[in-house]
$ cat my_file.json   # JSON, C-alpha atoms
[["chain", "number", "residue", "atom", "x", "y", "z"],
["J", 1, "MET", "CA", 0.00, 0.00, 0.00],
["J", 2, "ASN", "CA", 1.05, 3.61, -0.55],
["J", 3, "THR", "CA", 1.38, 5.96, 2.42],
["J", 4, "PHE", "CA", -1.61, 8.12, 3.33],
["J", 5, "GLU", "CA", -2.73, 10.64, 5.92],
["J", 6, "TYR", "CA", -5.35, 9.33, 8.34],
["J", 7, "PHE", "CA", -8.18, 11.32, 9.96],
["J", 8, "SER", "CA", -10.52, 9.96, 12.62],
["J", 9, "VAL", "CA", -13.41, 12.43, 12.60],
["J", 10, "LYS", "CA", -15.69, 13.42, 15.47],
["J", 11, "ASN", "CA", -18.79, 14.25, 13.42],
["J", 12, "VAL", "CA", -20.18, 14.08, 9.89],
["J", 13, "LYS", "CA", -19.60, 17.81, 9.28],
["J", 14, "GLU", "CA", -15.87, 17.31, 9.82],
["J", 15, "ALA", "CA", -15.90, 14.33, 7.43],
["J", 16, "CYS", "CA", -17.68, 16.33, 4.71],
["J", 17, "THR", "CA", -15.26, 19.25, 5.13],
["J", 18, "LEU", "CA", -12.25, 16.96, 4.68],
["J", 19, "LEU", "CA", -13.83, 15.28, 1.67],
["J", 20, "SER", "CA", -14.56, 18.67, 0.14],
["J", 21, "GLU", "CA", -10.99, 19.83, 0.75],
["J", 22, "TYR", "CA", -9.19, 16.76, -0.61],
["J", 23, "GLY", "CA", -11.66, 15.67, -3.28],
["J", 24, "GLU", "CA", -10.81, 12.53, -5.25],
["J", 25, "GLU", "CA", -7.62, 12.00, -3.23],
["J", 26, "ALA", "CA", -9.68, 11.14, -0.14],
["J", 27, "LYS", "CA", -11.60, 7.97, 0.68],
["J", 28, "LEU", "CA", -14.09, 7.27, 3.45],
["J", 29, "LEU", "CA", -13.43, 4.37, 5.80],
["J", 30, "ALA", "CA", -16.51, 2.78, 7.40],
["J", 31, "GLY", "CA", -16.18, -1.00, 7.75],
["J", 32, "GLY", "CA", -13.23, -0.84, 5.39],
["J", 33, "GLN", "CA", -13.48, -4.39, 4.07],
["J", 34, "ALA", "CA", -13.92, -3.32, 0.45],
["J", 35, "LEU", "CA", -11.59, -0.32, 0.60],
["J", 36, "LEU", "CA", -8.69, -2.15, 2.23],
["J", 37, "ASN", "CA", -8.87, -4.94, -0.33],
["J", 38, "LEU", "CA", -8.83, -2.41, -3.16],
["J", 39, "MET", "CA", -5.84, -0.68, -1.60],
["J", 40, "ARG", "CA", -4.04, -3.97, -1.06],
["J", 41, "GLU", "CA", -4.48, -4.80, -4.74],
["J", 42, "ARG", "CA", -3.37, -1.25, -5.65],
["J", 43, "LEU", "CA", -6.63, -0.59, -7.47],
["J", 44, "VAL", "CA", -7.01, 2.61, -5.46],
["J", 45, "SER", "CA", -4.30, 4.64, -3.73],
["J", 46, "PRO", "CA", -5.87, 7.42, -1.67],
["J", 47, "SER", "CA", -3.67, 10.07, -0.14],
["J", 48, "PHE", "CA", -6.14, 10.71, 2.68],
["J", 49, "ILE", "CA", -8.33, 8.30, 4.70],
["J", 50, "VAL", "CA", -11.33, 9.75, 6.53],
["J", 51, "ASP", "CA", -12.46, 7.26, 9.18],
["J", 52, "ILE", "CA", -16.15, 7.58, 10.15],
["J", 53, "LYS", "CA", -16.54, 4.20, 11.85],
["J", 54, "GLY", "CA", -16.61, 5.83, 15.29],
["J", 55, "LEU", "CA", -19.63, 8.03, 14.56],
["J", 56, "SER", "CA", -22.07, 6.11, 16.76],
["J", 57, "ASP", "CA", -24.90, 8.55, 15.94],
["J", 58, "PHE", "CA", -25.24, 6.75, 12.60],
["J", 59, "ASP", "CA", -25.50, 3.24, 14.06],
["J", 60, "TYR", "CA", -29.21, 2.64, 14.65],
["J", 61, "ILE", "CA", -32.34, 0.81, 13.52],
["J", 62, "ARG", "CA", -35.62, 2.64, 14.17],
["J", 63, "TYR", "CA", -39.17, 1.75, 13.17],
["J", 64, "ASP", "CA", -42.36, 3.78, 13.15],
["J", 65, "GLU", "CA", -45.76, 2.50, 12.00],
["J", 66, "GLU", "CA", -46.35, 5.64, 9.93],
["J", 67, "THR", "CA", -42.93, 6.53, 8.53],
["J", 68, "GLY", "CA", -41.35, 3.07, 8.28],
["J", 69, "LEU", "CA", -37.83, 1.80, 8.89],
["J", 70, "ARG", "CA", -34.77, 4.00, 9.29],
["J", 71, "ILE", "CA", -31.29, 2.51, 9.27],
["J", 72, "GLY", "CA", -28.18, 4.47, 10.15],
["J", 73, "ALA", "CA", -25.46, 4.11, 7.53],
["J", 74, "LEU", "CA", -22.98, 2.69, 10.07],
["J", 75, "THR", "CA", -25.34, -0.07, 11.18],
["J", 76, "THR", "CA", -23.66, -3.43, 10.65],
["J", 77, "HIS", "CA", -25.10, -6.23, 8.54],
["J", 78, "ARG", "CA", -25.24, -8.40, 11.64],
["J", 79, "SER", "CA", -27.37, -5.83, 13.48],
["J", 80, "LEU", "CA", -29.80, -5.77, 10.57],
["J", 81, "GLU", "CA", -29.91, -9.57, 10.51],
["J", 82, "LYS", "CA", -30.60, -9.85, 14.24],
["J", 83, "SER", "CA", -33.02, -6.94, 14.64],
["J", 84, "ASP", "CA", -36.40, -8.10, 15.96],
["J", 85, "VAL", "CA", -38.29, -5.36, 14.14],
["J", 86, "VAL", "CA", -36.55, -6.14, 10.84],
["J", 87, "ARG", "CA", -37.33, -9.83, 11.23],
["J", 88, "GLU", "CA", -40.98, -9.08, 11.97],
["J", 89, "LYS", "CA", -41.71, -6.25, 9.51],
["J", 90, "PHE", "CA", -39.12, -6.77, 6.75],
["J", 91, "ALA", "CA", -38.33, -10.48, 6.85],
["J", 92, "MET", "CA", -36.70, -10.44, 3.40],
["J", 93, "LEU", "CA", -33.95, -8.14, 4.71],
["J", 94, "ALA", "CA", -33.12, -10.39, 7.64],
["J", 95, "GLU", "CA", -33.12, -13.48, 5.42],
["J", 96, "MET", "CA", -30.92, -11.77, 2.85],
["J", 97, "GLU", "CA", -28.41, -10.78, 5.52],
["J", 98, "MET", "CA", -28.10, -14.39, 6.67],
["J", 99, "THR", "CA", -26.58, -15.26, 3.28],
["J", 100, "LEU", "CA", -24.37, -12.17, 2.96],
["J", 101, "ALA", "CA", -20.77, -13.34, 3.34],
["J", 102, "SER", "CA", -19.62, -14.71, 6.71],
["J", 103, "VAL", "CA", -20.66, -13.81, 10.25],
["J", 104, "ALA", "CA", -17.27, -12.15, 10.79],
["J", 105, "ILE", "CA", -17.83, -9.87, 7.80],
["J", 106, "ARG", "CA", -21.41, -9.12, 8.83],
["J", 107, "ASN", "CA", -20.21, -8.21, 12.31],
["J", 108, "TRP", "CA", -17.98, -5.43, 10.96],
["J", 109, "GLY", "CA", -19.25, -4.43, 7.51],
["J", 110, "THR", "CA", -21.69, -1.53, 7.37],
["J", 111, "VAL", "CA", -24.90, -1.12, 5.42],
["J", 112, "GLY", "CA", -23.92, 2.32, 4.14],
["J", 113, "GLY", "CA", -20.47, 1.16, 3.10],
["J", 114, "ASN", "CA", -21.96, -1.72, 1.14],
["J", 115, "LEU", "CA", -24.26, 0.59, -0.81],
["J", 116, "CYS", "CA", -21.54, 3.16, -1.53],
["J", 117, "HIS", "CA", -19.17, 0.45, -2.77],
["J", 118, "ALA", "CA", -21.82, -0.20, -5.45],
["J", 119, "ASP", "CA", -20.79, -3.73, -6.31],
["J", 120, "PRO", "CA", -23.40, -4.89, -8.88],
["J", 121, "ALA", "CA", -23.28, -8.32, -7.20],
["J", 122, "SER", "CA", -24.49, -6.89, -3.90],
["J", 123, "ASP", "CA", -27.20, -8.80, -2.03],
["J", 124, "LEU", "CA", -28.28, -5.72, -0.10],
["J", 125, "ALA", "CA", -28.96, -3.21, -2.88],
["J", 126, "PRO", "CA", -31.60, -5.23, -4.80],
["J", 127, "SER", "CA", -33.43, -6.03, -1.55],
["J", 128, "LEU", "CA", -33.60, -2.39, -0.47],
["J", 129, "MET", "CA", -34.52, -1.24, -3.98],
["J", 130, "ALA", "CA", -37.39, -3.71, -4.07],
["J", 131, "LEU", "CA", -38.62, -2.19, -0.81],
["J", 132, "GLY", "CA", -38.56, 1.30, -2.35],
["J", 133, "ALA", "CA", -35.78, 2.55, -0.08],
["J", 134, "GLU", "CA", -34.37, 6.06, -0.09],
["J", 135, "VAL", "CA", -30.93, 7.26, 1.01],
["J", 136, "THR", "CA", -29.98, 10.49, 2.75],
["J", 137, "LEU", "CA", -26.75, 12.03, 1.49],
["J", 138, "THR", "CA", -25.10, 14.67, 3.69],
["J", 139, "GLY", "CA", -22.60, 17.17, 2.31],
["J", 140, "VAL", "CA", -21.10, 20.54, 3.16],
["J", 141, "ASP", "CA", -24.20, 22.29, 1.78],
["J", 142, "GLY", "CA", -26.72, 20.14, 3.65],
["J", 143, "GLU", "CA", -28.76, 17.01, 2.97],
["J", 144, "ARG", "CA", -30.50, 15.57, -0.06],
["J", 145, "VAL", "CA", -32.61, 12.44, -0.45],
["J", 146, "LEU", "CA", -32.44, 10.07, -3.40],
["J", 147, "ASN", "CA", -34.52, 7.03, -4.19],
["J", 148, "LEU", "CA", -32.10, 4.11, -4.16],
["J", 149, "ASN", "CA", -33.26, 3.26, -7.66],
["J", 150, "ASP", "CA", -31.57, 6.51, -8.80],
["J", 151, "PHE", "CA", -28.46, 6.18, -6.63],
["J", 152, "PHE", "CA", -26.50, 3.64, -8.67],
["J", 153, "VAL", "CA", -24.90, 4.69, -11.95],
["J", 154, "ASP", "CA", -22.53, 1.99, -13.19],
["J", 155, "TYR", "CA", -20.05, -0.60, -11.98],
["J", 156, "PHE", "CA", -18.86, 0.64, -8.54],
["J", 157, "GLU", "CA", -20.22, 4.12, -9.28],
["J", 158, "THR", "CA", -22.97, 6.11, -7.57],
["J", 159, "LYS", "CA", -24.36, 9.64, -7.57],
["J", 160, "LEU", "CA", -22.61, 10.38, -4.27],
["J", 161, "ARG", "CA", -20.77, 13.69, -4.62],
["J", 162, "SER", "CA", -17.15, 14.04, -3.60],
["J", 163, "ASP", "CA", -18.04, 15.92, -0.38],
["J", 164, "GLU", "CA", -20.98, 13.72, 0.63],
["J", 165, "VAL", "CA", -21.49, 10.93, 3.15],
["J", 166, "LEU", "CA", -24.42, 8.51, 3.00],
["J", 167, "THR", "CA", -25.94, 8.89, 6.46],
["J", 168, "GLU", "CA", -29.31, 7.06, 6.46],
["J", 169, "ILE", "CA", -31.44, 4.51, 4.62],
["J", 170, "HIS", "CA", -35.21, 4.93, 4.83],
["J", 171, "VAL", "CA", -37.67, 2.16, 3.96],
["J", 172, "PRO", "CA", -41.20, 3.61, 3.83],
["J", 173, "ILE", "CA", -44.40, 1.74, 4.60],
["J", 174, "ARG", "CA", -45.88, 0.46, 1.33],
["J", 175, "GLY", "CA", -49.10, -1.23, 2.39],
["J", 176, "LEU", "CA", -50.20, -4.86, 2.46],
["J", 177, "GLY", "CA", -46.92, -6.17, 1.11],
["J", 178, "GLY", "CA", -44.53, -9.09, 1.25],
["J", 179, "GLY", "CA", -41.05, -9.58, -0.15],
["J", 180, "ALA", "CA", -38.47, -12.23, -0.92],
["J", 181, "TYR", "CA", -34.81, -12.32, -1.94],
["J", 182, "MET", "CA", -33.15, -15.36, -3.49],
["J", 183, "LYS", "CA", -29.82, -15.91, -5.14],
["J", 184, "PHE", "CA", -27.94, -18.53, -7.07],
["J", 185, "ALA", "CA", -24.35, -18.88, -5.91],
["J", 186, "ALA", "CA", -21.63, -21.51, -5.62],
["J", 187, "ARG", "CA", -22.11, -21.41, -1.83],
["J", 188, "ALA", "CA", -24.95, -19.88, 0.15],
["J", 189, "THR", "CA", -22.78, -17.03, 1.47],
["J", 190, "ASP", "CA", -20.91, -16.27, -1.78],
["J", 191, "LEU", "CA", -21.66, -13.29, -3.97],
["J", 192, "PRO", "CA", -24.57, -14.15, -6.25],
["J", 193, "VAL", "CA", -24.17, -15.32, -9.80],
["J", 194, "VAL", "CA", -27.73, -14.04, -10.05],
["J", 195, "GLY", "CA", -29.82, -12.44, -7.31],
["J", 196, "VAL", "CA", -33.48, -11.40, -7.43],
["J", 197, "ALA", "CA", -35.52, -9.38, -4.94],
["J", 198, "THR", "CA", -39.28, -9.03, -5.32],
["J", 199, "TYR", "CA", -41.69, -6.99, -3.23],
["J", 200, "ILE", "CA", -45.41, -7.09, -3.91],
["J", 201, "VAL", "CA", -48.33, -5.13, -2.46],
["J", 202, "LEU", "CA", -51.74, -6.73, -2.70],
["J", 203, "ASP", "CA", -55.10, -5.02, -3.07],
["J", 204, "ARG", "CA", -56.82, -4.77, 0.30],
["J", 205, "GLU", "CA", -60.22, -5.74, -1.10],
["J", 206, "ASN", "CA", -59.01, -8.62, -3.27],
["J", 207, "ARG", "CA", -55.79, -10.30, -2.21],
["J", 208, "ASP", "CA", -55.55, -12.08, -5.55],
["J", 209, "VAL", "CA", -54.81, -8.74, -7.24],
["J", 210, "CYS", "CA", -51.37, -7.13, -7.41],
["J", 211, "LYS", "CA", -51.61, -3.45, -6.48],
["J", 212, "ASP", "CA", -47.88, -2.76, -6.87],
["J", 213, "ILE", "CA", -44.69, -4.73, -7.43],
["J", 214, "ARG", "CA", -40.95, -4.25, -7.75],
["J", 215, "ILE", "CA", -38.66, -6.85, -9.28],
["J", 216, "VAL", "CA", -34.94, -6.09, -8.93],
["J", 217, "MET", "CA", -32.13, -8.20, -10.36],
["J", 218, "GLY", "CA", -28.56, -8.21, -9.09],
["J", 219, "SER", "CA", -25.30, -9.38, -10.65],
["J", 220, "VAL", "CA", -26.74, -9.29, -14.18],
["J", 221, "GLY", "CA", -25.78, -5.76, -15.18],
["J", 222, "PRO", "CA", -23.59, -2.80, -14.25],
["J", 223, "ARG", "CA", -25.96, -1.95, -11.39],
["J", 224, "PRO", "CA", -29.07, -3.51, -9.82],
["J", 225, "LEU", "CA", -31.75, -3.60, -12.51],
["J", 226, "ARG", "CA", -35.52, -3.31, -12.22],
["J", 227, "SER", "CA", -37.62, -5.17, -14.76],
["J", 228, "LYS", "CA", -40.32, -2.56, -15.23],
["J", 229, "ARG", "CA", -41.92, -4.45, -18.12],
["J", 230, "ALA", "CA", -42.37, -7.47, -15.88],
["J", 231, "GLU", "CA", -43.79, -5.27, -13.14],
["J", 232, "ASP", "CA", -46.26, -3.68, -15.57],
["J", 233, "ILE", "CA", -47.53, -7.12, -16.64],
["J", 234, "LEU", "CA", -48.57, -7.91, -13.06],
["J", 235, "ARG", "CA", -49.51, -4.52, -11.63],
["J", 236, "GLY", "CA", -53.27, -4.11, -11.34],
["J", 237, "GLN", "CA", -53.92, -7.68, -12.45],
["J", 238, "ALA", "CA", -54.97, -10.90, -10.78],
["J", 239, "ILE", "CA", -51.92, -12.99, -9.95],
["J", 240, "THR", "CA", -51.89, -16.13, -12.09],
["J", 241, "ASP", "CA", -49.33, -18.73, -13.09],
["J", 242, "LYS", "CA", -49.48, -17.40, -16.65],
["J", 243, "GLY", "CA", -48.76, -13.86, -15.47],
["J", 244, "ILE", "CA", -45.85, -15.03, -13.34],
["J", 245, "GLU", "CA", -44.37, -16.96, -16.25],
["J", 246, "GLU", "CA", -44.61, -13.89, -18.49],
["J", 247, "ALA", "CA", -43.04, -11.68, -15.84],
["J", 248, "ALA", "CA", -40.15, -14.14, -15.53],
["J", 249, "ARG", "CA", -39.67, -14.16, -19.31],
["J", 250, "LEU", "CA", -39.61, -10.37, -19.54],
["J", 251, "SER", "CA", -37.22, -10.10, -16.59],
["J", 252, "SER", "CA", -34.85, -12.48, -18.33],
["J", 253, "ILE", "CA", -34.93, -10.27, -21.43],
["J", 254, "ASP", "CA", -34.37, -7.10, -19.39],
["J", 255, "ALA", "CA", -31.34, -8.57, -17.60],
["J", 256, "GLN", "CA", -27.90, -7.63, -18.94],
["J", 257, "PRO", "CA", -25.68, -10.59, -17.98],
["J", 258, "VAL", "CA", -22.28, -11.29, -19.49],
["J", 259, "THR", "CA", -20.53, -14.60, -19.97],
["J", 260, "ASP", "CA", -17.78, -15.11, -17.38],
["J", 261, "ILE", "CA", -16.31, -17.80, -15.14],
["J", 262, "ASN", "CA", -19.67, -18.12, -13.34],
["J", 263, "GLY", "CA", -21.61, -19.09, -16.44],
["J", 264, "SER", "CA", -22.80, -18.08, -19.87],
["J", 265, "GLU", "CA", -25.18, -15.24, -20.62],
["J", 266, "GLU", "CA", -27.87, -17.75, -21.60],
["J", 267, "PHE", "CA", -27.44, -19.70, -18.37],
["J", 268, "LYS", "CA", -27.82, -16.57, -16.26],
["J", 269, "ARG", "CA", -30.97, -15.54, -18.11],
["J", 270, "GLU", "CA", -32.48, -18.93, -17.29],
["J", 271, "ILE", "CA", -31.56, -18.48, -13.62],
["J", 272, "VAL", "CA", -33.27, -15.07, -13.68],
["J", 273, "LYS", "CA", -36.48, -16.76, -14.86],
["J", 274, "VAL", "CA", -36.34, -19.33, -12.08],
["J", 275, "LEU", "CA", -35.62, -16.81, -9.32],
["J", 276, "VAL", "CA", -38.23, -14.31, -10.49],
["J", 277, "LYS", "CA", -40.93, -16.98, -10.39],
["J", 278, "ARG", "CA", -39.84, -18.23, -6.98],
["J", 279, "THR", "CA", -39.56, -14.78, -5.39],
["J", 280, "ILE", "CA", -42.93, -13.64, -6.74],
["J", 281, "ARG", "CA", -44.65, -16.72, -5.31],
["J", 282, "LYS", "CA", -42.91, -16.36, -1.95],
["J", 283, "ALA", "CA", -43.65, -12.62, -1.78],
["J", 284, "VAL", "CA", -47.32, -13.19, -2.61],
["J", 285, "GLY", "CA", -47.55, -15.88, 0.06],
["J", 286, "ARG", "CA", -46.14, -13.52, 2.66],
["J", 287, "ALA", "CA", -48.39, -10.65, 1.63],
["J", 288, "ARG", "CA", -51.48, -12.85, 1.93],
["J", 289, "THR", "CA", -50.71, -13.64, 5.58],
["J", 290, "LEU", "CA", -50.83, -9.98, 6.64]]

$ encode --input "my_file.json" --output "structure tokens"
Amino acid sequence: MNTFEYFSVKNVKEACTLLSEYGEEAKLLAGGQALLNLMRERLVSPSFIVDIKGLSDFDYIRYDEETGLRIGALTTHRSLEKSDVVREKFAMLAEMEMTLASVAIRNWGTVGGNLCHADPASDLAPSLMALGAEVTLTGVDGERVLNLNDFFVDYFETKLRSDEVLTEIHVPIRGLGGGAYMKFAARATDLPVVGVATYIVLDRENRDVCKDIRIVMGSVGPRPLRSKRAEDILRGQAITDKGIEEAARLSSIDAQPVTDINGSEEFKREIVKVLVKRTIRKAVGRARTL
């Protein structure tokens, strides 16, 4: 590794000021598991490290029946996995976390750091996108809120400005809904070859009708991808096997996989079909129990 100057900040304002001053030469350190690996491989060589791990004000999980779930950016994956309110109200998040890497990594890695790393093979991002999550970005000029669907740009690239810190994730209440995340991987805790998160809201008067739905695919494009054509096929319609099959077909077409050591493009598209069908059925089953 190259030498660098290290700052352990006392508050987010100090972090934003340092980031604004040093620009692209500075990197934030939260959990550090992604950053340190990149530095070790000499893929990045920051001159300044701004350590925010000690900012305990951003380590929290809060739930309100009206406003929904709020997660501090420095909350660990393990905390999200073990949270009683997450398990009860957002079971798909807790289940997803159980398959995210190892317990050791989940004990240290942060939710905000995972999102800002913007690995297209993330388990977390598709799950939060399916839930309609928003992120709060704090910079020297104040805060702004982005829907997570608009946060990711490309491989390992987001709309986070050079002076900004992701400080909170907000999952709003969406109604009579249920969700599911599933992935295909060599081992249960590996990064997904294909991952799919589905969240569905049912009509209150007729629970056979889909009021709203989000289908998000991971690891099959430069960023997590929604299949809006598949969603449109089901939204406002009675949920049938034929509709689910068509949604899976359209999702497979909307995916952007590439052939690599994990499999061919065609193979990954077939996995998308399988996971879309399975997650829709599981999400519907959960929504019907509410």

$ closest_residue --input "my_file.json" --among "J:Cys16, J:Val216, J:Val44, J:Leu225" --to "Asp154 in chain J" --atoms "only C-alpha atoms"
J:Leu225

$ residues_near_point --input "my_file.json" --point "(-23.4, -17.7, -3.3)" --cutoff "9 Å" --atoms "only C-alpha atoms" --output "PyMOL selection string"
chain J and resi 99-101+183-194

$ atom_distance --input "my_file.json" --atom1 "CA of Ile71 in chain J" --atom2 "CA of Gly109 in chain J"
14.0 Å

$ residues_around --input "my_file.json" --residues "range 248-262 of chain J" --least-positions-apart "4" --cutoff "7 Å" --atoms "only C-alpha atoms" --output "PyMOL selection string"
chain J and resi 193+220-221+227+229-230+244+268-270+272-273+276-277

$ write_last_selection --input "my_file.json" --atoms "C-alpha atoms" --output "PDB file, keeping the file's coordinate frame"
ATOM      1  CA  VAL J 193     -24.170 -15.320  -9.800  1.00  0.00           C
ATOM      2  CA  VAL J 220     -26.740  -9.290 -14.180  1.00  0.00           C
ATOM      3  CA  GLY J 221     -25.780  -5.760 -15.180  1.00  0.00           C
ATOM      4  CA  SER J 227     -37.620  -5.170 -14.760  1.00  0.00           C
ATOM      5  CA  ARG J 229     -41.920  -4.450 -18.120  1.00  0.00           C
ATOM      6  CA  ALA J 230     -42.370  -7.470 -15.880  1.00  0.00           C
ATOM      7  CA  ILE J 244     -45.850 -15.030 -13.340  1.00  0.00           C
ATOM      8  CA  LYS J 268     -27.820 -16.570 -16.260  1.00  0.00           C
ATOM      9  CA  ARG J 269     -30.970 -15.540 -18.110  1.00  0.00           C
ATOM     10  CA  GLU J 270     -32.480 -18.930 -17.290  1.00  0.00           C
ATOM     11  CA  VAL J 272     -33.270 -15.070 -13.680  1.00  0.00           C
ATOM     12  CA  LYS J 273     -36.480 -16.760 -14.860  1.00  0.00           C
ATOM     13  CA  VAL J 276     -38.230 -14.310 -10.490  1.00  0.00           C
ATOM     14  CA  LYS J 277     -40.930 -16.980 -10.390  1.00  0.00           C
TER      15      LYS J 277
END

$ residues_around --input "my_file.json" --residues "Ala197 in chain J" --least-positions-apart "6" --cutoff "7 Å" --atoms "all atoms listed in the file" --output "PyMOL selection string"
chain J and resi 126-127+130+180-182+215-217+279

$ closest_residue --input "my_file.json" --among "J:Arg144, J:Arg223, J:Lys211, J:Lys159" --to "Pro120 in chain J" --atoms "all atoms listed in the file"
J:Arg223

$ closest_residue --input "my_file.json" --among "J:Glu157, J:Asp212, J:Asp141, J:Glu205" --to "Val284 in chain J" --atoms "only C-alpha atoms"
J:Asp212

$ atom_distance --input "my_file.json" --atom1 "CA of Arg226 in chain J" --atom2 "CA of Ala283 in chain J"
16.2 Å

$ atom_distance --input "my_file.json" --atom1 "CA of Ser219 in chain J" --atom2 "CA of Leu74 in chain J"
24.1 Å

$ closest_residue --input "my_file.json" --among "J:Arg62, J:His117, J:Arg214, J:Arg106" --to "His170 in chain J" --atoms "only C-alpha atoms"
J:Arg62

$ closest_atom_pairs --input "my_file.json" --of "range 166-217 of chain J" --to "range 78-89 of chain J" --cutoff "10 Å" --atoms "all atoms listed in the file" --output "tab-separated table"
residue	atom	partner	partner_atom	distance
J:Ile173	CA	J:Lys89	CA	9.8
J:Gly177	CA	J:Lys89	CA	9.9
J:Gly178	CA	J:Lys89	CA	9.2

$ decode --input "my_file.json" --residues "range 35-50 of chain J" --atoms "N, CA and C atoms" --output "PDB file, in the first residue's frame"
ATOM      1  N   LEU J  35     -12.652  -1.291   0.866  1.00  0.00           N
ATOM      2  CA  LEU J  35     -11.590  -0.317   0.604  1.00  0.00           C
ATOM      3  C   LEU J  35     -10.204  -0.906   0.828  1.00  0.00           C
ATOM      4  N   LEU J  36     -10.015  -1.607   1.928  1.00  0.00           N
ATOM      5  CA  LEU J  36      -8.686  -2.149   2.226  1.00  0.00           C
ATOM      6  C   LEU J  36      -8.262  -3.189   1.197  1.00  0.00           C
ATOM      7  N   ASN J  37      -9.207  -3.980   0.719  1.00  0.00           N
ATOM      8  CA  ASN J  37      -8.871  -4.942  -0.333  1.00  0.00           C
ATOM      9  C   ASN J  37      -8.467  -4.235  -1.619  1.00  0.00           C
ATOM     10  N   LEU J  38      -9.180  -3.169  -1.960  1.00  0.00           N
ATOM     11  CA  LEU J  38      -8.828  -2.408  -3.164  1.00  0.00           C
ATOM     12  C   LEU J  38      -7.455  -1.769  -3.020  1.00  0.00           C
ATOM     13  N   MET J  39      -7.156  -1.275  -1.834  1.00  0.00           N
ATOM     14  CA  MET J  39      -5.839  -0.675  -1.601  1.00  0.00           C
ATOM     15  C   MET J  39      -4.743  -1.724  -1.641  1.00  0.00           C
ATOM     16  N   ARG J  40      -5.024  -2.885  -1.072  1.00  0.00           N
ATOM     17  CA  ARG J  40      -4.036  -3.967  -1.059  1.00  0.00           C
ATOM     18  C   ARG J  40      -3.697  -4.407  -2.479  1.00  0.00           C
ATOM     19  N   GLU J  41      -4.698  -4.413  -3.345  1.00  0.00           N
ATOM     20  CA  GLU J  41      -4.481  -4.800  -4.743  1.00  0.00           C
ATOM     21  C   GLU J  41      -4.007  -3.631  -5.613  1.00  0.00           C
ATOM     22  N   ARG J  42      -3.821  -2.471  -4.966  1.00  0.00           N
ATOM     23  CA  ARG J  42      -3.366  -1.246  -5.651  1.00  0.00           C
ATOM     24  C   ARG J  42      -4.337  -0.791  -6.749  1.00  0.00           C
ATOM     25  N   LEU J  43      -5.608  -1.076  -6.549  1.00  0.00           N
ATOM     26  CA  LEU J  43      -6.626  -0.588  -7.474  1.00  0.00           C
ATOM     27  C   LEU J  43      -7.019   0.848  -7.141  1.00  0.00           C
ATOM     28  N   VAL J  44      -6.868   1.222  -5.880  1.00  0.00           N
ATOM     29  CA  VAL J  44      -7.010   2.614  -5.458  1.00  0.00           C
ATOM     30  C   VAL J  44      -5.852   2.949  -4.530  1.00  0.00           C
ATOM     31  N   SER J  45      -5.431   4.206  -4.579  1.00  0.00           N
ATOM     32  CA  SER J  45      -4.297   4.641  -3.734  1.00  0.00           C
ATOM     33  C   SER J  45      -4.596   6.023  -3.172  1.00  0.00           C
ATOM     34  N   PRO J  46      -5.512   6.113  -2.219  1.00  0.00           N
ATOM     35  CA  PRO J  46      -5.875   7.425  -1.669  1.00  0.00           C
ATOM     36  C   PRO J  46      -4.722   8.045  -0.880  1.00  0.00           C
ATOM     37  N   SER J  47      -4.668   9.344  -0.931  1.00  0.00           N
ATOM     38  CA  SER J  47      -3.667  10.075  -0.143  1.00  0.00           C
ATOM     39  C   SER J  47      -4.190  10.406   1.243  1.00  0.00           C
ATOM     40  N   PHE J  48      -5.516  10.359   1.404  1.00  0.00           N
ATOM     41  CA  PHE J  48      -6.139  10.707   2.679  1.00  0.00           C
ATOM     42  C   PHE J  48      -7.256   9.702   2.986  1.00  0.00           C
ATOM     43  N   ILE J  49      -7.275   9.200   4.219  1.00  0.00           N
ATOM     44  CA  ILE J  49      -8.326   8.304   4.696  1.00  0.00           C
ATOM     45  C   ILE J  49      -9.120   9.028   5.770  1.00  0.00           C
ATOM     46  N   VAL J  50     -10.444   9.094   5.562  1.00  0.00           N
ATOM     47  CA  VAL J  50     -11.330   9.748   6.525  1.00  0.00           C
ATOM     48  C   VAL J  50     -12.158   8.662   7.205  1.00  0.00           C
TER      49      VAL J  50
END
